[in-house]
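Peer 1: Take this structure first; my questions come after.
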Amino acid sequence: MKIAIGSDHAGYPLKAAVVEYLRAQGHDVSDLGTDNADVSVDYPDFAERVAEHVVDGAAERGIVVCGSGVGASIAANKVPGAYAALCHDTYSAHQGVEHDNMNVLCVGSRIIGPALAHEIVEAFVNATFESDQERHVRRHNKVRAIEQKGIQSQA
């Protein structure tokens, strides 16, 4: 799977561990930065970059890591077509894809460590949207309608 990943400085060490893990699993990973933990950078820049890669089709899924994961989730969701969620457990990571068509996973490096991050990422990338379940499609379409209203009100 093609996966875009990015982080701010706080998320860099966990992002590096996740990149290594994903590549070892055979995934095609695009590391969109940052490249160190020593220079302070802003999470919205990396969340936007990852979300745009997913929406544009350059990646099938995206992962963003910041200190808590909260800011990354908020920022990624501002990109129309990105469906990002903060997940610190495996159930939410796979259920978010299966039921809600989540395409960007956000995690907090100050909340979880590498071992749990690997399990969460594995649950996320191995899940598929249950498009054969009418209720999930109906609910996702309602989310998309809300998104479209927001886009139209900005025009």
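Here's how to read the names in the structure tokens: chain A, B, ... by the order shown, residue numbers from 1 in each chain, ligand numbers from 1 in the order shown.
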Residues at most 8 Å from segment 107-118 of chain A, counting only C-alpha atoms, excluding those fewer than 4 positions away in the same chain, as a ChimeraX atom specification?

Peer 2: /A:10-11,13-14,17-18,21,63-70,86-89,122

Peer 1: Deliver the residues from the most recent selection as a file, using N, CA and C atoms, as a PDB file, in the first residue's frame.

Peer 2:
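selection.pdb was written with the following content:
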ATOM      1  N   ALA A  10       7.839  17.019  17.569  1.00  0.00           N
ATOM      2  CA  ALA A  10       7.474  16.166  18.708  1.00  0.00           C
ATOM      3  C   ALA A  10       7.175  14.740  18.256  1.00  0.00           C
ATOM      4  N   GLY A  11       6.621  14.602  17.073  1.00  0.00           N
ATOM      5  CA  GLY A  11       6.268  13.288  16.564  1.00  0.00           C
ATOM      6  C   GLY A  11       7.367  12.581  15.810  1.00  0.00           C
ATOM      7  N   PRO A  13      10.410  11.142  16.425  1.00  0.00           N
ATOM      8  CA  PRO A  13      10.952   9.828  16.801  1.00  0.00           C
ATOM      9  C   PRO A  13       9.948   8.683  16.567  1.00  0.00           C
ATOM     10  N   LEU A  14       8.686   8.888  16.879  1.00  0.00           N
ATOM     11  CA  LEU A  14       7.692   7.847  16.654  1.00  0.00           C
ATOM     12  C   LEU A  14       7.446   7.656  15.162  1.00  0.00           C
ATOM     13  N   ALA A  17      10.090   5.462  13.691  1.00  0.00           N
ATOM     14  CA  ALA A  17       9.866   4.050  14.029  1.00  0.00           C
ATOM     15  C   ALA A  17       8.749   3.452  13.178  1.00  0.00           C
ATOM     16  N   VAL A  18       7.700   4.220  12.928  1.00  0.00           N
ATOM     17  CA  VAL A  18       6.576   3.747  12.122  1.00  0.00           C
ATOM     18  C   VAL A  18       6.996   3.588  10.659  1.00  0.00           C
ATOM     19  N   TYR A  21       8.928   0.406  10.398  1.00  0.00           N
ATOM     20  CA  TYR A  21       8.004  -0.725  10.526  1.00  0.00           C
ATOM     21  C   TYR A  21       7.220  -0.945   9.227  1.00  0.00           C
ATOM     22  N   ILE A  63      -0.731   9.001   7.504  1.00  0.00           N
ATOM     23  CA  ILE A  63      -0.501   8.946   8.944  1.00  0.00           C
ATOM     24  C   ILE A  63       0.197  10.235   9.344  1.00  0.00           C
ATOM     25  N   VAL A  64      -0.313  10.868  10.410  1.00  0.00           N
ATOM     26  CA  VAL A  64       0.311  12.087  10.925  1.00  0.00           C
ATOM     27  C   VAL A  64       0.565  11.902  12.415  1.00  0.00           C
ATOM     28  N   VAL A  65       1.769  12.274  12.844  1.00  0.00           N
ATOM     29  CA  VAL A  65       2.160  12.139  14.243  1.00  0.00           C
ATOM     30  C   VAL A  65       2.544  13.511  14.777  1.00  0.00           C
ATOM     31  N   CYS A  66       1.922  13.898  15.883  1.00  0.00           N
ATOM     32  CA  CYS A  66       2.352  15.091  16.609  1.00  0.00           C
ATOM     33  C   CYS A  66       2.389  14.714  18.089  1.00  0.00           C
ATOM     34  N   GLY A  67       2.544  15.663  18.969  1.00  0.00           N
ATOM     35  CA  GLY A  67       2.672  15.341  20.388  1.00  0.00           C
ATOM     36  C   GLY A  67       1.478  14.589  20.938  1.00  0.00           C
ATOM     37  N   SER A  68       0.282  15.122  20.724  1.00  0.00           N
ATOM     38  CA  SER A  68      -0.934  14.473  21.223  1.00  0.00           C
ATOM     39  C   SER A  68      -1.728  13.796  20.112  1.00  0.00           C
ATOM     40  N   GLY A  69      -1.540  14.220  18.883  1.00  0.00           N
ATOM     41  CA  GLY A  69      -2.335  13.739  17.760  1.00  0.00           C
ATOM     42  C   GLY A  69      -3.571  14.584  17.518  1.00  0.00           C
ATOM     43  N   VAL A  70      -3.953  15.374  18.480  1.00  0.00           N
ATOM     44  CA  VAL A  70      -5.174  16.171  18.379  1.00  0.00           C
ATOM     45  C   VAL A  70      -5.047  17.252  17.308  1.00  0.00           C
ATOM     46  N   LEU A  86      -8.061  10.614  15.350  1.00  0.00           N
ATOM     47  CA  LEU A  86      -7.072  10.324  16.366  1.00  0.00           C
ATOM     48  C   LEU A  86      -7.380   8.946  16.942  1.00  0.00           C
ATOM     49  N   CYS A  87      -6.439   8.028  16.864  1.00  0.00           N
ATOM     50  CA  CYS A  87      -6.644   6.672  17.364  1.00  0.00           C
ATOM     51  C   CYS A  87      -5.452   6.247  18.200  1.00  0.00           C
ATOM     52  N   HIS A  88      -5.741   5.848  19.428  1.00  0.00           N
ATOM     53  CA  HIS A  88      -4.697   5.322  20.301  1.00  0.00           C
ATOM     54  C   HIS A  88      -5.007   3.894  20.726  1.00  0.00           C
ATOM     55  N   ASP A  89      -5.862   3.233  19.948  1.00  0.00           N
ATOM     56  CA  ASP A  89      -6.175   1.824  20.181  1.00  0.00           C
ATOM     57  C   ASP A  89      -6.442   1.165  18.835  1.00  0.00           C
ATOM     58  N   GLU A 122      -0.893  -1.167  11.900  1.00  0.00           N
ATOM     59  CA  GLU A 122      -1.238  -2.416  11.214  1.00  0.00           C
ATOM     60  C   GLU A 122      -2.749  -2.580  11.098  1.00  0.00           C
TER      61      GLU A 122
END

Peer 1: Give me every alpha helix (DSSP H) residue in chain A, going by DSSP on the backbone, as a count of residues only.

Peer 2: 78

Peer 1: Could you tell me how far atom CA of Phe124 of chain A lies from atom CA of Cys106 of chain A, in Å and to one decimal?

Peer 2: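 Distance between the two atoms: 10.5 Å.
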
Peer 1: Which residues of segment 82-116 of chain A come within 12 Å of segment 143-155 of chain A, and what is each one's closest atom pair and distance in Å (one decimal), counting only C-alpha atoms, sorted by chain and residue number, as JSON lines?

Peer 2:
{"residue": "A:Ala82", "atom": "CA", "partner": "A:Glu147", "partner_atom": "CA", "distance": 10.0}
{"residue": "A:Tyr83", "atom": "CA", "partner": "A:Val143", "partner_atom": "CA", "distance": 9.4}
{"residue": "A:Asp100", "atom": "CA", "partner": "A:Val143", "partner_atom": "CA", "distance": 9.1}
{"residue": "A:Asn101", "atom": "CA", "partner": "A:Val143", "partner_atom": "CA", "distance": 10.2}
{"residue": "A:Met102", "atom": "CA", "partner": "A:Val143", "partner_atom": "CA", "distance": 11.3}

Peer 1: Could you save those same residues with N, CA and C atoms as a short mmCIF file (atom, residue, chain, number, x, y, z; two decimals), in the first residue's frame?

Peer 2:
data_model
loop_
_atom_site.label_atom_id
_atom_site.label_comp_id
_atom_site.auth_asym_id
_atom_site.auth_seq_id
_atom_site.Cartn_x
_atom_site.Cartn_y
_atom_site.Cartn_z
N ALA A 82 -10.28 14.48 3.08
CA ALA A 82 -9.50 13.79 4.11
C ALA A 82 -10.44 13.48 5.27
N TYR A 83 -10.37 12.24 5.72
CA TYR A 83 -11.19 11.80 6.85
C TYR A 83 -10.23 11.25 7.89
N ASP A 100 -16.28 4.19 8.84
CA ASP A 100 -16.29 5.64 8.61
C ASP A 100 -15.44 6.10 7.44
N ASN A 101 -14.80 5.17 6.76
CA ASN A 101 -13.97 5.47 5.59
C ASN A 101 -12.81 6.41 5.93
N MET A 102 -12.28 6.28 7.14
CA MET A 102 -11.13 7.07 7.57
C MET A 102 -9.96 6.77 6.63
#

Peer 1: Go through chain A and collect every residue that DSSP, computed from the backbone, puts in strand (DSSP E); the answer should be as a PyMOL selection string.

Peer 2: chain A and resi 2-7+28-31+61-66+84-86+104-108

Peer 1: Given the choices A:Val137, A:Leu32, A:Ala84, A:Val39, which gets closest to Gly71 of chain A if the distance is worked out from only C-alpha atoms?

Peer 2: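 Of the candidates, the smallest distance to Gly71 of chain A is held by A:Ala84.
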
Peer 1: From the list A:Glu60, A:Asn141, A:Leu105, A:Gln95, which residue is nearest Phe129 of chain A when using only C-alpha atoms?

Peer 2: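 Distance minimum relative to Phe129 of chain A lands on A:Gln95.
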
Peer 1: Report as a PyMOL selection string all protein, DNA and RNA residues lying within 10 Å of His27 of chain A, evaluated on only C-alpha atoms, omitting residues in the same chain fewer than 4 positions from it.

Peer 2: chain A and resi 1-3+19-23+125
